[in-house]
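This report refers to the structure that appears directly beneath it.
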Amino acid sequence: ETSSRNSEVIHAGIYYPNDSIKTRVCIEGRKMLYQLCQRRNIPHRKIGKWIFSTSKDESNYLGNLEEKCRALGVPLRRLSSREIESGEPQLRAVDAVESPETGIVDSHTFMQVLSSMVTDNGSDIALQATFVGAQKSAPGSPFMAKVKLADGSTVDIM
């Protein structure tokens with residue numbers, strides 16, 4: 001998969017099961033990504049996201065989501081009816097919450113920064129290649145990766 005298909009959304013990490021690896025990686029990854037964006041001047045913004053309900057059943061879901069976020073330590077804020085109406089006057093919501101940690105990132109700048117970080121540290125990038133395997137030749141040495149190129153040949157890269 002290529003980065004050009006990236007939605008550029010920085011997810012808060014609230015939709016997966018509490019004890020899943022996806023949840024932990026999403027929450028920690030979001031924190032690390034915001035830090036990297038700050039340090040490397042990658043364009044990004046915490047824009048937040050509204051999650052709203054149009055029925056009592058959906059409102060119950062929002063209540064469960066609030067409990068989940070509290071347990072995970074992820075901010076989630078219930079919106080007042082006044083906030084909903086002033087923020088989205090055409091929206092006919094029963095209830096709404098805001099996920100303030102949701103954001104967006106310029107994926108192209110992000111990928112350029114990652115590319116520079118890799119090559120500046122003496123490693124290689126193999127485009128249009130399939131990862132075959134990796135191994136260390138000795139403790140403390142870098143990994144050597146084997147990749148298969150588009151023409152079918154394989155090469156070792158560091």
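All residue names refer to the structure tokens as shown: chains lettered A, B, ... in order, residues numbered from 1 in each chain, ligands numbered from 1 in order.
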
At a cut-off of 12 Å, can you tabulate as a tab-separated table every residue of range 65-127 of chain A near range 149-155 of chain A together with its closest atom pair and the distance in Å to one decimal, using only C-alpha atoms and ordering rows by chain then number?
```
residue	atom	partner	partner_atom	distance
A:Asp124	CA	A:Val155	CA	11.4
A:Ile125	CA	A:Val155	CA	11.8
A:Ala126	CA	A:Leu149	CA	8.1
A:Leu127	CA	A:Leu149	CA	8.2
```

When you look at range 104-107 of chain A with a cut-off of 8 Å (counting only C-alpha atoms), what residues show up, excluding the ones that are within fewer than 3 positions of it in the same chain? I need them as number ranges by chain.
A: 3-4, 6, 8-10, 42-47, 110-111

Keeping N, CA, C and O atoms, export the residues of the selection given above as a PDB file, in the first residue's frame.
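File written: result25.pdb
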```pdb
ATOM      1  N   SER A   3       1.613   5.542   0.436  1.00  0.00           N
ATOM      2  CA  SER A   3       1.210   6.658   1.283  1.00  0.00           C
ATOM      3  C   SER A   3       0.245   7.590   0.563  1.00  0.00           C
ATOM      4  O   SER A   3      -0.436   8.378   1.203  1.00  0.00           O
ATOM      5  N   SER A   4       0.165   7.515  -0.746  1.00  0.00           N
ATOM      6  CA  SER A   4      -0.747   8.392  -1.476  1.00  0.00           C
ATOM      7  C   SER A   4      -2.205   8.057  -1.168  1.00  0.00           C
ATOM      8  O   SER A   4      -3.100   8.836  -1.470  1.00  0.00           O
ATOM      9  N   ASN A   6      -3.169   7.506   1.940  1.00  0.00           N
ATOM     10  CA  ASN A   6      -3.329   7.860   3.336  1.00  0.00           C
ATOM     11  C   ASN A   6      -4.406   8.921   3.468  1.00  0.00           C
ATOM     12  O   ASN A   6      -4.405   9.909   2.749  1.00  0.00           O
ATOM     13  N   GLU A   8      -4.730  10.992   5.769  1.00  0.00           N
ATOM     14  CA  GLU A   8      -4.119  12.117   6.466  1.00  0.00           C
ATOM     15  C   GLU A   8      -4.782  12.418   7.805  1.00  0.00           C
ATOM     16  O   GLU A   8      -4.581  13.470   8.384  1.00  0.00           O
ATOM     17  N   VAL A   9      -5.571  11.478   8.320  1.00  0.00           N
ATOM     18  CA  VAL A   9      -6.226  11.661   9.606  1.00  0.00           C
ATOM     19  C   VAL A   9      -5.342  11.090  10.711  1.00  0.00           C
ATOM     20  O   VAL A   9      -4.796  10.001  10.587  1.00  0.00           O
ATOM     21  N   ILE A  10      -5.204  11.846  11.783  1.00  0.00           N
ATOM     22  CA  ILE A  10      -4.542  11.371  12.989  1.00  0.00           C
ATOM     23  C   ILE A  10      -5.672  10.930  13.921  1.00  0.00           C
ATOM     24  O   ILE A  10      -6.442  11.754  14.415  1.00  0.00           O
ATOM     25  N   ILE A  42       6.360  19.455  10.465  1.00  0.00           N
ATOM     26  CA  ILE A  42       5.452  18.801   9.526  1.00  0.00           C
ATOM     27  C   ILE A  42       4.078  19.456   9.698  1.00  0.00           C
ATOM     28  O   ILE A  42       3.552  19.491  10.811  1.00  0.00           O
ATOM     29  N   PRO A  43       3.501  19.980   8.625  1.00  0.00           N
ATOM     30  CA  PRO A  43       2.180  20.608   8.758  1.00  0.00           C
ATOM     31  C   PRO A  43       1.145  19.628   9.312  1.00  0.00           C
ATOM     32  O   PRO A  43       0.999  18.511   8.811  1.00  0.00           O
ATOM     33  N   HIS A  44       0.456  20.065  10.364  1.00  0.00           N
ATOM     34  CA  HIS A  44      -0.573  19.255  11.001  1.00  0.00           C
ATOM     35  C   HIS A  44      -1.466  20.174  11.831  1.00  0.00           C
ATOM     36  O   HIS A  44      -1.101  21.309  12.114  1.00  0.00           O
ATOM     37  N   ARG A  45      -2.630  19.664  12.187  1.00  0.00           N
ATOM     38  CA  ARG A  45      -3.536  20.423  13.065  1.00  0.00           C
ATOM     39  C   ARG A  45      -4.398  19.465  13.862  1.00  0.00           C
ATOM     40  O   ARG A  45      -4.895  18.484  13.319  1.00  0.00           O
ATOM     41  N   LYS A  46      -4.572  19.771  15.137  1.00  0.00           N
ATOM     42  CA  LYS A  46      -5.568  19.064  15.954  1.00  0.00           C
ATOM     43  C   LYS A  46      -6.888  19.771  15.674  1.00  0.00           C
ATOM     44  O   LYS A  46      -7.118  20.868  16.159  1.00  0.00           O
ATOM     45  N   ILE A  47      -7.713  19.149  14.880  1.00  0.00           N
ATOM     46  CA  ILE A  47      -8.970  19.799  14.497  1.00  0.00           C
ATOM     47  C   ILE A  47     -10.155  19.249  15.273  1.00  0.00           C
ATOM     48  O   ILE A  47     -11.238  19.825  15.258  1.00  0.00           O
ATOM     49  N   PHE A 110       5.182  14.445   5.663  1.00  0.00           N
ATOM     50  CA  PHE A 110       5.490  13.405   6.643  1.00  0.00           C
ATOM     51  C   PHE A 110       6.369  12.322   6.017  1.00  0.00           C
ATOM     52  O   PHE A 110       7.397  11.929   6.580  1.00  0.00           O
ATOM     53  N   MET A 111       6.010  11.848   4.821  1.00  0.00           N
ATOM     54  CA  MET A 111       6.795  10.814   4.156  1.00  0.00           C
ATOM     55  C   MET A 111       8.180  11.320   3.758  1.00  0.00           C
ATOM     56  O   MET A 111       9.165  10.587   3.845  1.00  0.00           O
TER      57      MET A 111
END
```

Among the residues of chain A, find those DSSP assigns to helix (DSSP H, G or I) from the backbone and print them as an MDAnalysis selection string.
chainID A and resid 3:5 21:40 56:72 81:87 107:120

Just the residues within 10 Å of range 65-74 of chain A, please, counting only C-alpha atoms, with nothing from its chain fewer than 6 positions along; format it as an MDAnalysis selection string.
chainID A and resid 12:15 17:19 23:24 27 51 59 97 99:101

Write out the residues from the selection above, keeping C-alpha atoms, as an mmCIF file, in the first residue's frame.
```cif
data_model
loop_
_atom_site.group_PDB
_atom_site.id
_atom_site.type_symbol
_atom_site.label_atom_id
_atom_site.label_comp_id
_atom_site.auth_asym_id
_atom_site.auth_seq_id
_atom_site.Cartn_x
_atom_site.Cartn_y
_atom_site.Cartn_z
ATOM 1 C CA ALA A 12 -7.599 9.433 18.588
ATOM 2 C CA GLY A 13 -7.666 5.651 19.126
ATOM 3 C CA ILE A 14 -11.192 5.222 20.459
ATOM 4 C CA TYR A 15 -12.883 2.698 18.184
ATOM 5 C CA PRO A 17 -11.424 -2.856 21.760
ATOM 6 C CA ASN A 18 -9.805 -1.457 24.923
ATOM 7 C CA ASP A 19 -7.271 -4.258 25.278
ATOM 8 C CA THR A 23 -5.824 0.638 20.443
ATOM 9 C CA ARG A 24 -2.455 0.867 22.226
ATOM 10 C CA ILE A 27 -3.010 6.049 21.148
ATOM 11 C CA ILE A 51 -19.476 12.157 16.933
ATOM 12 C CA SER A 59 -26.906 8.237 22.514
ATOM 13 C CA VAL A 97 -19.329 14.349 21.833
ATOM 14 C CA SER A 99 -12.822 13.982 20.228
ATOM 15 C CA PRO A 100 -10.302 16.843 20.579
ATOM 16 C CA GLU A 101 -7.240 14.663 19.835
#
```

Please report, as a count of residues only, each residue of range 2-139 of chain A to which DSSP assigns strand (DSSP E or B) when run on this structure's backbone.
27

Taking only C-alpha atoms into account, which of A:Thr102, A:Ser81, A:Gln90, A:Asn60 comes nearest Lys31 in chain A?
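Among the listed residues, the smallest separation from Lys31 in chain A belongs to A:Thr102.
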
Of the listed residues A:Gln35, A:Arg40, A:Tyr61, A:Leu79, that which approaches Ser116 in chain A most closely, counting only C-alpha atoms:
A:Arg40

Out of A:Cys26, A:Leu36, A:Ile21, A:Met144, which residue has the shortest atom-to-atom distance to Thr109 in chain A when counting only C-alpha atoms?
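Going through A:Cys26, A:Leu36, A:Ile21, A:Met144 one by one, the smallest distance to Thr109 in chain A is for A:Leu36.
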
Selection near Arg82 in chain A, 12 Å with only C-alpha atoms, sequence-local residues under 6 positions removed, as a PDB file with N, CA, C and O atoms, in the first residue's frame:
```pdb
ATOM      1  N   GLU A  88     -23.130  23.541  14.349  1.00  0.00           N
ATOM      2  CA  GLU A  88     -23.710  22.873  13.173  1.00  0.00           C
ATOM      3  C   GLU A  88     -25.214  23.092  13.170  1.00  0.00           C
ATOM      4  O   GLU A  88     -25.985  22.198  13.519  1.00  0.00           O
ATOM      5  N   PRO A  89     -25.669  24.273  12.772  1.00  0.00           N
ATOM      6  CA  PRO A  89     -27.097  24.591  12.867  1.00  0.00           C
ATOM      7  C   PRO A  89     -28.013  23.678  12.050  1.00  0.00           C
ATOM      8  O   PRO A  89     -29.189  23.531  12.397  1.00  0.00           O
ATOM      9  N   LEU A  91     -27.601  20.450  11.726  1.00  0.00           N
ATOM     10  CA  LEU A  91     -27.533  19.113  12.293  1.00  0.00           C
ATOM     11  C   LEU A  91     -28.668  18.912  13.291  1.00  0.00           C
ATOM     12  O   LEU A  91     -28.877  19.720  14.180  1.00  0.00           O
ATOM     13  N   ALA A  93     -29.230  16.603  15.906  1.00  0.00           N
ATOM     14  CA  ALA A  93     -28.638  15.557  16.733  1.00  0.00           C
ATOM     15  C   ALA A  93     -29.344  15.473  18.082  1.00  0.00           C
ATOM     16  O   ALA A  93     -29.774  16.485  18.635  1.00  0.00           O
ATOM     17  N   VAL A  94     -29.444  14.267  18.587  1.00  0.00           N
ATOM     18  CA  VAL A  94     -29.962  14.045  19.933  1.00  0.00           C
ATOM     19  C   VAL A  94     -28.858  14.360  20.943  1.00  0.00           C
ATOM     20  O   VAL A  94     -29.114  14.924  22.000  1.00  0.00           O
ATOM     21  N   ASP A  95     -27.636  14.009  20.578  1.00  0.00           N
ATOM     22  CA  ASP A  95     -26.508  14.122  21.486  1.00  0.00           C
ATOM     23  C   ASP A  95     -25.228  14.185  20.659  1.00  0.00           C
ATOM     24  O   ASP A  95     -25.216  13.759  19.501  1.00  0.00           O
ATOM     25  N   ALA A  96     -24.152  14.695  21.248  1.00  0.00           N
ATOM     26  CA  ALA A  96     -22.867  14.720  20.531  1.00  0.00           C
ATOM     27  C   ALA A  96     -21.712  14.791  21.517  1.00  0.00           C
ATOM     28  O   ALA A  96     -21.851  15.320  22.624  1.00  0.00           O
TER      29      ALA A  96
END
```

Quote the spacing between CA of Glu28 in chain A and CA of His11 in chain A in Å to one decimal place.
10.7 Å

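Minimum distance to Glu83 in chain A across A:Asp57, A:Asp156, A:Glu98, A:Asp120 (counting only C-alpha atoms) occurs at A:Glu98.
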